[in-house]
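data_1.cif follows (mmCIF, C-alpha atoms and all ligand atoms):
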```cif
data_structure
loop_
_atom_site.label_atom_id
_atom_site.label_comp_id
_atom_site.auth_asym_id
_atom_site.auth_seq_id
_atom_site.Cartn_x
_atom_site.Cartn_y
_atom_site.Cartn_z
CA MET Z 17 116.55 -177.41 -52.09
CA THR Z 18 114.29 -177.05 -55.13
CA ILE Z 19 116.16 -175.82 -58.18
CA TYR Z 20 114.37 -173.58 -60.66
CA ASN Z 21 116.15 -173.19 -63.98
CA PHE Z 22 115.54 -169.80 -65.60
CA SER Z 23 117.98 -170.48 -68.44
CA ALA Z 24 117.44 -168.62 -71.72
CA GLY Z 25 118.45 -171.82 -73.50
CA PRO Z 26 119.07 -174.67 -73.45
CA ALA Z 27 116.01 -174.45 -71.30
CA VAL Z 28 113.91 -176.53 -68.98
CA LEU Z 29 112.03 -179.45 -70.59
CA PRO Z 30 108.74 -180.94 -69.34
CA LYS Z 31 109.42 -183.54 -66.65
CA ALA Z 32 106.96 -185.94 -68.29
CA VAL Z 33 109.00 -185.76 -71.50
CA LEU Z 34 112.25 -186.54 -69.72
CA GLU Z 35 110.65 -189.49 -67.93
CA LYS Z 36 109.26 -190.91 -71.17
CA ALA Z 37 112.66 -190.49 -72.86
CA GLN Z 38 114.33 -192.19 -69.93
CA SER Z 39 112.03 -195.18 -70.27
CA GLU Z 40 112.69 -195.45 -74.04
CA LEU Z 41 116.40 -194.85 -73.83
CA LEU Z 42 117.35 -198.47 -73.24
CA ASP Z 43 114.73 -200.26 -75.31
CA TYR Z 44 112.60 -198.35 -77.79
CA LYS Z 45 109.14 -199.92 -77.98
CA GLY Z 46 110.52 -203.49 -77.66
CA SER Z 47 112.93 -203.03 -80.58
CA GLY Z 48 115.85 -204.12 -78.42
CA MET Z 49 117.59 -200.87 -79.41
CA SER Z 50 117.93 -197.53 -77.71
CA VAL Z 51 115.97 -194.73 -79.37
CA MET Z 52 119.37 -193.09 -79.76
CA GLU Z 53 120.67 -196.08 -81.73
CA LEU Z 54 117.91 -196.24 -84.35
CA SER Z 55 119.02 -195.86 -87.95
CA HIS Z 56 117.65 -192.69 -89.49
CA ARG Z 57 116.61 -194.88 -92.46
CA SER Z 58 114.68 -197.34 -90.28
CA SER Z 59 110.90 -197.51 -90.18
CA TRP Z 60 111.18 -196.81 -86.43
CA PHE Z 61 112.77 -193.43 -87.03
CA GLU Z 62 110.66 -192.66 -90.08
CA ALA Z 63 107.61 -192.92 -87.84
CA ILE Z 64 109.23 -190.58 -85.29
CA ILE Z 65 110.09 -187.83 -87.79
CA GLN Z 66 106.75 -188.09 -89.56
CA ASP Z 67 104.88 -187.89 -86.24
CA ALA Z 68 107.00 -184.91 -85.19
CA GLU Z 69 106.15 -183.09 -88.41
CA GLN Z 70 102.47 -183.98 -88.22
CA LEU Z 71 102.21 -182.81 -84.61
CA LEU Z 72 103.95 -179.51 -85.36
CA ARG Z 73 101.66 -178.97 -88.35
CA GLU Z 74 98.67 -179.57 -86.12
CA LEU Z 75 99.91 -177.38 -83.26
CA MET Z 76 100.82 -174.40 -85.45
CA ALA Z 77 98.08 -174.99 -88.06
CA ILE Z 78 100.75 -175.07 -90.77
CA PRO Z 79 99.10 -175.00 -94.20
CA ASP Z 80 99.95 -177.71 -96.76
CA HIS Z 81 101.84 -175.31 -98.99
CA TYR Z 82 104.51 -174.88 -96.32
CA GLN Z 83 107.37 -177.34 -95.82
CA VAL Z 84 108.62 -178.28 -92.38
CA LEU Z 85 112.37 -178.94 -92.18
CA PHE Z 86 114.40 -180.39 -89.34
CA LEU Z 87 117.92 -179.04 -89.78
CA GLN Z 88 121.13 -178.47 -87.85
CA GLY Z 89 123.49 -175.55 -87.35
CA GLY Z 90 121.31 -173.65 -84.90
CA ALA Z 91 119.30 -170.54 -85.60
CA SER Z 92 122.66 -168.92 -86.35
CA LEU Z 93 123.09 -170.93 -89.56
CA GLN Z 94 119.75 -169.50 -90.70
CA PHE Z 95 121.36 -166.05 -90.59
CA THR Z 96 123.29 -167.35 -93.65
CA MET Z 97 120.78 -169.78 -95.19
CA VAL Z 98 117.97 -167.25 -95.38
CA PRO Z 99 119.82 -164.66 -97.49
CA MET Z 100 121.62 -167.38 -99.47
CA ASN Z 101 118.33 -168.99 -100.50
CA LEU Z 102 116.02 -166.00 -100.73
CA ALA Z 103 117.96 -162.83 -101.45
CA GLN Z 104 119.91 -163.59 -104.62
CA GLY Z 105 120.02 -160.38 -106.66
CA LYS Z 106 117.50 -158.62 -104.45
CA LYS Z 107 117.63 -156.26 -101.52
CA ALA Z 108 116.86 -157.72 -98.08
CA LEU Z 109 115.07 -155.65 -95.44
CA TYR Z 110 115.78 -156.12 -91.74
CA VAL Z 111 114.21 -154.85 -88.52
CA ASN Z 112 116.89 -154.35 -85.89
CA THR Z 113 115.50 -155.20 -82.46
CA GLY Z 114 118.64 -156.36 -80.68
CA SER Z 115 121.65 -158.63 -80.54
CA TRP Z 116 120.16 -161.49 -82.55
CA SER Z 117 118.77 -159.19 -85.25
CA LYS Z 118 122.23 -157.66 -85.57
CA LYS Z 119 123.73 -161.09 -86.10
CA ALA Z 120 121.10 -161.86 -88.73
CA ILE Z 121 121.98 -158.59 -90.48
CA SER Z 122 125.70 -159.41 -90.36
CA GLY Z 123 124.96 -162.84 -91.84
CA ALA Z 124 123.32 -161.29 -94.90
CA LYS Z 125 125.98 -158.62 -95.30
CA ALA Z 126 128.73 -161.25 -95.15
CA LEU Z 127 127.23 -162.83 -98.28
CA GLY Z 128 127.38 -159.50 -100.08
CA VAL Z 129 123.59 -159.10 -100.01
CA GLU Z 130 122.30 -155.53 -100.11
CA VAL Z 131 120.75 -154.95 -96.70
CA GLU Z 132 118.50 -152.12 -95.59
CA VAL Z 133 117.53 -151.71 -91.95
CA ILE Z 134 113.99 -150.36 -92.23
CA ALA Z 135 113.29 -149.97 -88.50
CA SER Z 136 115.37 -150.12 -85.34
CA SER Z 137 115.01 -149.66 -81.61
CA GLU Z 138 118.72 -149.16 -81.05
CA ASP Z 139 118.10 -145.51 -80.11
CA LYS Z 140 116.66 -146.69 -76.78
CA GLN Z 141 118.83 -149.75 -76.13
CA PHE Z 142 116.28 -152.04 -77.80
CA THR Z 143 113.70 -151.56 -75.04
CA TYR Z 144 110.77 -151.45 -77.47
CA ILE Z 145 109.52 -152.89 -80.76
CA PRO Z 146 109.71 -150.22 -83.49
CA GLU Z 147 106.97 -149.44 -85.98
CA LEU Z 148 107.73 -150.42 -89.57
CA PRO Z 149 107.52 -147.75 -92.28
CA GLU Z 150 104.14 -147.48 -93.97
CA THR Z 151 105.54 -148.36 -97.36
CA ILE Z 152 107.68 -151.41 -97.84
CA ASP Z 153 109.71 -151.75 -101.04
CA GLN Z 154 107.70 -154.42 -102.84
CA GLU Z 155 110.76 -155.43 -104.88
CA ALA Z 156 112.60 -156.58 -101.76
CA ALA Z 157 113.34 -160.27 -101.20
CA TYR Z 158 111.97 -160.35 -97.66
CA VAL Z 159 111.55 -158.47 -94.38
CA HIS Z 160 113.39 -160.15 -91.52
CA ILE Z 161 112.12 -159.76 -87.96
CA THR Z 162 113.06 -161.36 -84.64
CA THR Z 163 109.66 -162.06 -83.11
CA ASN Z 164 111.03 -162.41 -79.58
CA ASN Z 165 114.25 -160.79 -78.47
CA THR Z 166 115.66 -163.24 -75.97
CA ILE Z 167 118.29 -160.92 -74.54
CA GLU Z 168 116.34 -157.66 -74.42
CA GLY Z 169 112.96 -159.16 -73.43
CA THR Z 170 110.83 -157.62 -76.17
CA ALA Z 171 108.37 -159.32 -78.53
CA PHE Z 172 106.18 -158.39 -81.49
CA ALA Z 173 102.61 -158.28 -80.18
CA LYS Z 174 101.37 -158.12 -83.77
CA ILE Z 175 103.01 -159.21 -87.02
CA PRO Z 176 103.38 -156.24 -89.42
CA ASP Z 177 101.78 -156.18 -92.84
CA CYS Z 178 104.45 -156.04 -95.54
CA GLY Z 179 102.19 -156.56 -98.54
CA ALA Z 180 103.54 -159.14 -100.98
CA VAL Z 181 107.01 -159.15 -99.45
CA PRO Z 182 107.43 -162.31 -97.38
CA ILE Z 183 108.23 -161.91 -93.71
CA VAL Z 184 111.06 -164.08 -92.45
CA ALA Z 185 110.98 -164.59 -88.70
CA ASP Z 186 113.54 -165.74 -86.22
CA MET Z 187 111.07 -167.31 -83.78
CA SER Z 188 113.70 -169.13 -81.71
CA SER Z 189 112.50 -167.90 -78.33
CA ASN Z 190 108.73 -167.73 -78.76
CA ILE Z 191 107.79 -170.48 -81.16
CA LEU Z 192 104.80 -172.40 -79.71
CA ALA Z 193 104.22 -169.48 -77.31
CA ASN Z 194 102.28 -166.92 -79.31
CA ASP Z 195 99.14 -166.49 -81.37
CA TYR Z 196 100.84 -165.64 -84.67
CA LYS Z 197 99.54 -167.19 -87.88
CA VAL Z 198 101.94 -169.14 -90.09
CA GLU Z 199 100.30 -167.64 -93.22
CA ASP Z 200 101.61 -164.22 -92.19
CA PHE Z 201 105.17 -165.45 -92.78
CA GLY Z 202 107.15 -166.66 -95.76
CA LEU Z 203 109.62 -168.46 -93.56
CA ILE Z 204 109.92 -169.15 -89.82
CA TYR Z 205 113.00 -170.57 -88.16
CA ALA Z 206 113.80 -171.53 -84.60
CA GLY Z 207 116.62 -173.18 -82.72
CA ALA Z 208 114.98 -175.95 -80.71
CA GLN Z 209 116.64 -175.41 -77.36
CA LYS Z 210 113.99 -173.19 -75.77
CA ASN Z 211 110.43 -174.34 -76.47
CA ILE Z 212 111.02 -177.42 -78.62
CA GLY Z 213 113.73 -179.69 -77.24
CA PRO Z 214 117.47 -180.23 -77.04
CA ALA Z 215 120.05 -178.04 -78.76
CA GLY Z 216 121.23 -179.36 -82.10
CA LEU Z 217 117.93 -179.17 -83.95
CA THR Z 218 116.65 -176.19 -85.94
CA VAL Z 219 113.11 -176.10 -87.23
CA VAL Z 220 112.39 -174.24 -90.49
CA ILE Z 221 108.88 -173.70 -91.83
CA VAL Z 222 108.99 -172.34 -95.36
CA ARG Z 223 106.39 -171.48 -97.99
CA GLU Z 224 106.88 -173.70 -101.02
CA ASP Z 225 107.03 -170.92 -103.60
CA LEU Z 226 110.17 -169.59 -101.88
CA LEU Z 227 112.06 -172.81 -102.52
CA GLY Z 228 114.41 -173.38 -105.44
CA GLN Z 229 114.60 -169.72 -106.48
CA THR Z 230 118.32 -169.98 -106.93
CA GLU Z 231 121.10 -172.50 -107.42
CA ILE Z 232 122.83 -173.16 -104.11
CA ALA Z 233 126.34 -174.49 -104.52
CA ALA Z 234 126.37 -176.19 -101.11
CA PRO Z 235 123.70 -178.90 -100.93
CA MET Z 236 123.38 -178.85 -97.15
CA LEU Z 237 122.44 -175.17 -97.27
CA ASP Z 238 119.72 -175.56 -99.89
CA TYR Z 239 116.18 -175.53 -98.47
CA LYS Z 240 114.82 -177.17 -101.61
CA LEU Z 241 117.20 -180.08 -101.42
CA GLN Z 242 116.45 -180.52 -97.72
CA ALA Z 243 112.71 -180.40 -98.44
CA ASP Z 244 112.98 -182.85 -101.37
CA ASN Z 245 114.77 -185.24 -99.03
CA HIS Z 246 112.30 -184.76 -96.14
CA SER Z 247 115.16 -183.56 -93.91
CA LEU Z 248 116.94 -186.89 -94.46
CA TYR Z 249 119.58 -185.79 -96.96
CA ASN Z 250 122.19 -186.68 -94.36
CA THR Z 251 121.93 -188.03 -90.79
CA PRO Z 252 119.59 -185.69 -88.94
CA PRO Z 253 119.81 -185.06 -85.18
CA THR Z 254 117.68 -188.12 -84.49
CA PHE Z 255 117.54 -187.95 -80.71
CA ALA Z 256 116.69 -184.24 -80.72
CA ILE Z 257 113.89 -184.87 -83.23
CA TYR Z 258 112.58 -187.67 -81.02
CA ILE Z 259 112.51 -185.37 -77.96
CA ALA Z 260 110.85 -182.65 -80.06
CA LYS Z 261 108.12 -185.14 -80.94
CA LEU Z 262 107.55 -185.85 -77.24
CA VAL Z 263 107.46 -182.12 -76.50
CA PHE Z 264 104.88 -181.59 -79.27
CA GLU Z 265 102.74 -184.35 -77.73
CA TRP Z 266 103.06 -182.64 -74.37
CA VAL Z 267 102.07 -179.25 -75.82
CA LYS Z 268 99.01 -180.91 -77.34
CA GLU Z 269 98.07 -182.27 -73.91
CA GLN Z 270 98.35 -178.74 -72.49
CA GLY Z 271 95.57 -177.60 -74.83
CA GLY Z 272 97.83 -176.89 -77.79
CA VAL Z 273 99.51 -173.56 -78.42
CA ALA Z 274 96.45 -171.63 -77.22
CA GLY Z 275 96.41 -173.55 -73.94
CA ILE Z 276 100.11 -173.20 -73.30
CA THR Z 277 100.16 -169.52 -74.27
CA GLU Z 278 97.45 -168.93 -71.72
CA GLN Z 279 99.68 -170.54 -69.07
CA ASP Z 280 102.60 -168.38 -70.28
CA ARG Z 281 100.45 -165.26 -69.92
CA VAL Z 282 99.64 -166.14 -66.34
CA LYS Z 283 103.29 -166.86 -65.49
CA ALA Z 284 104.70 -163.73 -67.13
CA GLY Z 285 101.74 -161.64 -65.92
CA ARG Z 286 102.43 -162.52 -62.28
CA LEU Z 287 106.10 -161.60 -62.59
CA TYR Z 288 105.47 -158.33 -64.43
CA GLN Z 289 102.86 -157.39 -61.83
CA ALA Z 290 105.30 -158.08 -58.99
CA ILE Z 291 107.90 -155.92 -60.75
CA GLU Z 292 105.34 -153.13 -61.23
CA GLU Z 293 104.36 -153.24 -57.56
CA SER Z 294 107.94 -153.32 -56.34
CA GLY Z 295 109.72 -150.23 -55.07
CA LEU Z 296 113.09 -151.80 -55.87
CA PHE Z 297 112.80 -153.74 -59.12
CA GLN Z 298 111.83 -152.35 -62.49
CA SER Z 299 111.39 -153.55 -66.04
CA PRO Z 300 113.59 -151.82 -68.62
CA VAL Z 301 111.10 -152.71 -71.38
CA GLU Z 302 108.17 -150.59 -72.58
CA LYS Z 303 104.87 -152.13 -71.55
CA ASP Z 304 103.38 -152.94 -74.94
CA SER Z 305 106.62 -154.54 -76.15
CA ARG Z 306 107.15 -156.99 -73.29
CA SER Z 307 108.01 -160.61 -73.95
CA LEU Z 308 106.09 -163.48 -72.37
CA THR Z 309 109.10 -165.75 -72.46
CA ASN Z 310 112.05 -163.58 -71.36
CA VAL Z 311 111.49 -161.13 -68.53
CA PRO Z 312 114.45 -158.86 -67.72
CA PHE Z 313 114.43 -156.75 -64.55
CA ILE Z 314 116.86 -154.46 -62.79
CA THR Z 315 117.26 -152.52 -59.55
CA GLY Z 316 119.05 -149.66 -61.28
CA ASP Z 317 122.13 -150.32 -59.11
CA ALA Z 318 124.64 -152.71 -60.67
CA GLU Z 319 126.08 -153.69 -57.26
CA LEU Z 320 122.64 -154.53 -55.88
CA ASP Z 321 121.87 -156.57 -59.03
CA LYS Z 322 125.07 -158.49 -58.41
CA GLN Z 323 124.11 -159.14 -54.80
CA PHE Z 324 120.62 -160.26 -55.86
CA ASN Z 325 122.05 -162.64 -58.43
CA ALA Z 326 124.47 -164.16 -55.94
CA GLU Z 327 121.79 -164.65 -53.26
CA ALA Z 328 119.27 -165.97 -55.78
CA LEU Z 329 121.77 -168.52 -57.06
CA ALA Z 330 122.52 -169.68 -53.52
CA ALA Z 331 118.77 -170.10 -52.97
CA GLY Z 332 118.37 -172.42 -56.01
CA PHE Z 333 117.36 -169.92 -58.72
CA GLU Z 334 119.67 -170.95 -61.56
CA ASN Z 335 120.58 -168.82 -64.60
CA LEU Z 336 118.78 -165.66 -63.51
CA LYS Z 337 121.68 -163.39 -64.34
CA GLY Z 338 120.89 -161.09 -67.27
CA HIS Z 339 122.83 -161.49 -70.51
CA ARG Z 340 126.35 -160.08 -70.24
CA SER Z 341 125.49 -157.39 -72.79
CA VAL Z 342 122.64 -155.90 -70.71
CA GLY Z 343 123.31 -156.93 -67.09
CA GLY Z 344 120.66 -157.09 -64.38
CA MET Z 345 118.43 -160.12 -64.15
CA ARG Z 346 116.41 -162.10 -66.68
CA ALA Z 347 113.82 -164.77 -65.94
CA SER Z 348 113.21 -166.98 -68.96
CA LEU Z 349 109.76 -168.49 -68.59
CA TYR Z 350 109.49 -170.88 -71.50
CA ASN Z 351 106.58 -173.29 -71.91
CA ALA Z 352 107.91 -175.99 -69.59
CA PHE Z 353 108.86 -173.60 -66.79
CA PRO Z 354 106.63 -174.34 -63.76
CA ILE Z 355 104.41 -171.64 -62.27
CA GLU Z 356 105.64 -172.61 -58.79
CA GLY Z 357 109.05 -171.31 -59.88
CA VAL Z 358 107.53 -167.92 -60.72
CA ASP Z 359 105.79 -167.76 -57.34
CA ALA Z 360 108.98 -168.77 -55.55
CA LEU Z 361 110.95 -166.08 -57.40
CA ILE Z 362 108.38 -163.40 -56.55
CA ALA Z 363 108.51 -164.39 -52.85
CA PHE Z 364 112.32 -164.27 -52.98
CA MET Z 365 112.26 -160.81 -54.63
CA LYS Z 366 109.89 -159.48 -51.96
CA LYS Z 367 112.12 -160.77 -49.18
CA PHE Z 368 115.20 -159.28 -50.85
CA GLU Z 369 113.43 -155.94 -51.15
CA GLN Z 370 112.50 -155.96 -47.45
CA ASP Z 371 116.04 -156.90 -46.44
CA ASN Z 372 117.52 -154.19 -48.60
CA GLY Z 373 115.56 -151.19 -47.48
CA GLY Z 374 112.58 -151.51 -49.83
N1 LIG H 401 118.01 -166.09 -82.38
C1 LIG H 401 117.49 -165.94 -81.16
C2 LIG H 401 116.28 -165.09 -80.99
C3 LIG H 401 118.08 -166.57 -80.06
O1 LIG H 401 117.57 -166.42 -78.84
C4 LIG H 401 119.22 -167.38 -80.26
C5 LIG H 401 119.88 -168.08 -79.15
O2 LIG H 401 119.62 -167.87 -78.00
C6 LIG H 401 119.73 -167.49 -81.56
C7 LIG H 401 119.09 -166.86 -82.60
C8 LIG H 401 120.95 -168.32 -81.85
O3 LIG H 401 120.58 -169.64 -81.79
P1 LIG H 401 121.62 -170.84 -81.95
O4 LIG H 401 122.47 -170.82 -80.73
O5 LIG H 401 120.74 -172.03 -82.07
O6 LIG H 401 122.41 -170.58 -83.18
#
```
For the structure just supplied, provide its representation as structure tokens.
Amino acid sequence: MTIYNFSAGPAVLPKAVLEKAQSELLDYKGSGMSVMELSHRSSWFEAIIQDAEQLLRELMAIPDHYQVLFLQGGASLQFTMVPMNLAQGKKALYVNTGSWSKKAISGAKALGVEVEVIASSEDKQFTYIPELPETIDQEAAYVHITTNNTIEGTAFAKIPDCGAVPIVADMSSNILANDYKVEDFGLIYAGAQKNIGPAGLTVVIVREDLLGQTEIAAPMLDYKLQADNHSLYNTPPTFAIYIAKLVFEWVKEQGGVAGITEQDRVKAGRLYQAIEESGLFQSPVEKDSRSLTNVPFITGDAELDKQFNAEALAAGFENLKGHRSVGGMRASLYNAFPIEGVDALIAFMKKFEQDNGG
């Protein structure tokens, strides 16, 4: 039976990347050492981390006045690091588009930062991306947005204009899968475990003028110190960075971010169309707010959703169950997810609909 993994993260990786990693696991380029055993201070690993950074810069067209950091602690640690580094003495503005935005807001509040939620879609269970107010307080430290809401299946189609106030984006679930411009952000962060590589690595892209604005008592949490040390202040997640480098090479082979986003559009487009045409399944998300990477769908009957999930799992569709907070189903179609898996899911949904009175 073919298994298709629709996990929201850790997510499916390109097969070619796993095969390459397998071949370099025992002996890295004739070094006699596993890639996992390389010292982070060795010239072997230096080449890996530098290549990873260079490739990411190329793929995302990251300007020179932005630093690329390879950190740990997940995207969740950024909920603390962002306000700690950027909001000292200033108000921080947040857009509340779902569970992860709420956690980001809590992270800032826990530090005692003054937080204002300037837009929210909570009134309709986060099924749309709200408009931002026309005027943004230009004294604010930043505006935080979650570009793709992994649980709710919404995404910003366009990045708002906040004037001189930097936009900070949690891009965990649609980094390398959109046509955003890095210059529109002051800081971007993403946990790696969806479109970049294994869990344990967090990528931060930060504009240089935002560094060193304040004294941070804890060195590990200071962007400036991490940048000054080229992400090698302590032992970084070496294997995860190595896999990220391979994934970046693979993205480049797919035609870069533009090429892969085109593939993502086709994959998500087919699934959304099947949902639209179905008499049984529906999307809870407003059309112009739909995510390319996380596609929730429901029947409207919790028992039938449960039956679908059980039958889908038995048929080899792994991790389709919607997040426990929203229920239903969710297909995560990250960059490495194969189009055959989308076609197989659509065929399975059609059969289920026929069998269940559709
Ligand atoms: N932000 C978003 C949008 C996410 O999807 C996730 C995890 O799924 C997180 C933050 C939390 O990431 P981590 O588990 O790396 O802390």
* Which residue, Z:Val98, Z:Leu361, Z:Ile257, Z:Ala243, has the smallest gap to Glu224 of chain Z when you use only C-alpha atoms? ->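 Nearest to Glu224 of chain Z: Z:Ala243.
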* What residues have an atom no more than 12 Å from (117.4, -147.9, -79.1) in the file's own frame, counting all atoms listed in the file, and can you write them as a ChimeraX atom specification? -> /Z:112-115,135-146,168,300-302
What are the nearest atom pairs, with distances in Å to one decimal, for all residues of chain Z that come at most 9 Å from ligand LIG 401 (chain H), using all atoms listed in the file, set out by chain and rising residue number as CSV?
```
residue,atom,partner,partner_atom,distance
Z:Ala24,CA,H:LIG401,O2,6.7
Z:Gly25,CA,H:LIG401,O2,6.1
Z:Pro26,CA,H:LIG401,O2,8.2
Z:Gln88,CA,H:LIG401,O5,8.7
Z:Gly89,CA,H:LIG401,O6,6.6
Z:Gly90,CA,H:LIG401,O5,3.3
Z:Ala91,CA,H:LIG401,O6,3.9
Z:Ser92,CA,H:LIG401,O6,3.6
Z:Leu93,CA,H:LIG401,O6,6.4
Z:Gln94,CA,H:LIG401,O6,8.0
Z:Phe95,CA,H:LIG401,C7,8.3
Z:Ser115,CA,H:LIG401,C2,8.4
Z:Trp116,CA,H:LIG401,N1,5.1
Z:Ser117,CA,H:LIG401,N1,7.5
Z:Lys119,CA,H:LIG401,C7,8.2
Z:Ala120,CA,H:LIG401,C7,8.2
Z:Thr162,CA,H:LIG401,C2,6.1
Z:Thr163,CA,H:LIG401,C2,7.6
Z:Asn164,CA,H:LIG401,C2,6.1
Z:Asn165,CA,H:LIG401,C2,5.4
Z:Thr166,CA,H:LIG401,O1,4.7
Z:Ile167,CA,H:LIG401,O1,7.0
Z:Asp186,CA,H:LIG401,N1,5.9
Z:Met187,CA,H:LIG401,C2,6.3
Z:Ser188,CA,H:LIG401,C2,4.8
Z:Ser189,CA,H:LIG401,O1,5.3
Z:Asn190,CA,H:LIG401,C2,8.3
Z:Tyr205,CA,H:LIG401,N1,8.9
Z:Ala206,CA,H:LIG401,N1,7.2
Z:Gly207,CA,H:LIG401,O5,4.3
Z:Ala208,CA,H:LIG401,O5,7.1
Z:Gln209,CA,H:LIG401,O5,7.1
Z:Lys210,CA,H:LIG401,O2,8.1
Z:Ala215,CA,H:LIG401,O5,6.9
Z:Gly216,CA,H:LIG401,O5,7.3
Z:Leu217,CA,H:LIG401,O5,7.9
Z:Thr218,CA,H:LIG401,O5,7.0
```
* To do: Grab the atom CA of Glu334 of chain Z to atom CA of Asp317 of chain Z distance for me, in Å with one decimal place.
  =>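 Atom-to-atom, atom CA of Glu334 of chain Z and atom CA of Asp317 of chain Z are spaced 20.9 Å apart.
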* If you count only C-alpha atoms, which residues fall within 9 Å of Ser47 of chain Z, apart from same-chain ones fewer than 4 positions away, as JSON, numbers by chain? -> {"Z": [43, 51, 60]}
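We find atom CA of Phe22 of chain Z and atom CA of Val282 of chain Z to be spaced 16.3 Å apart.
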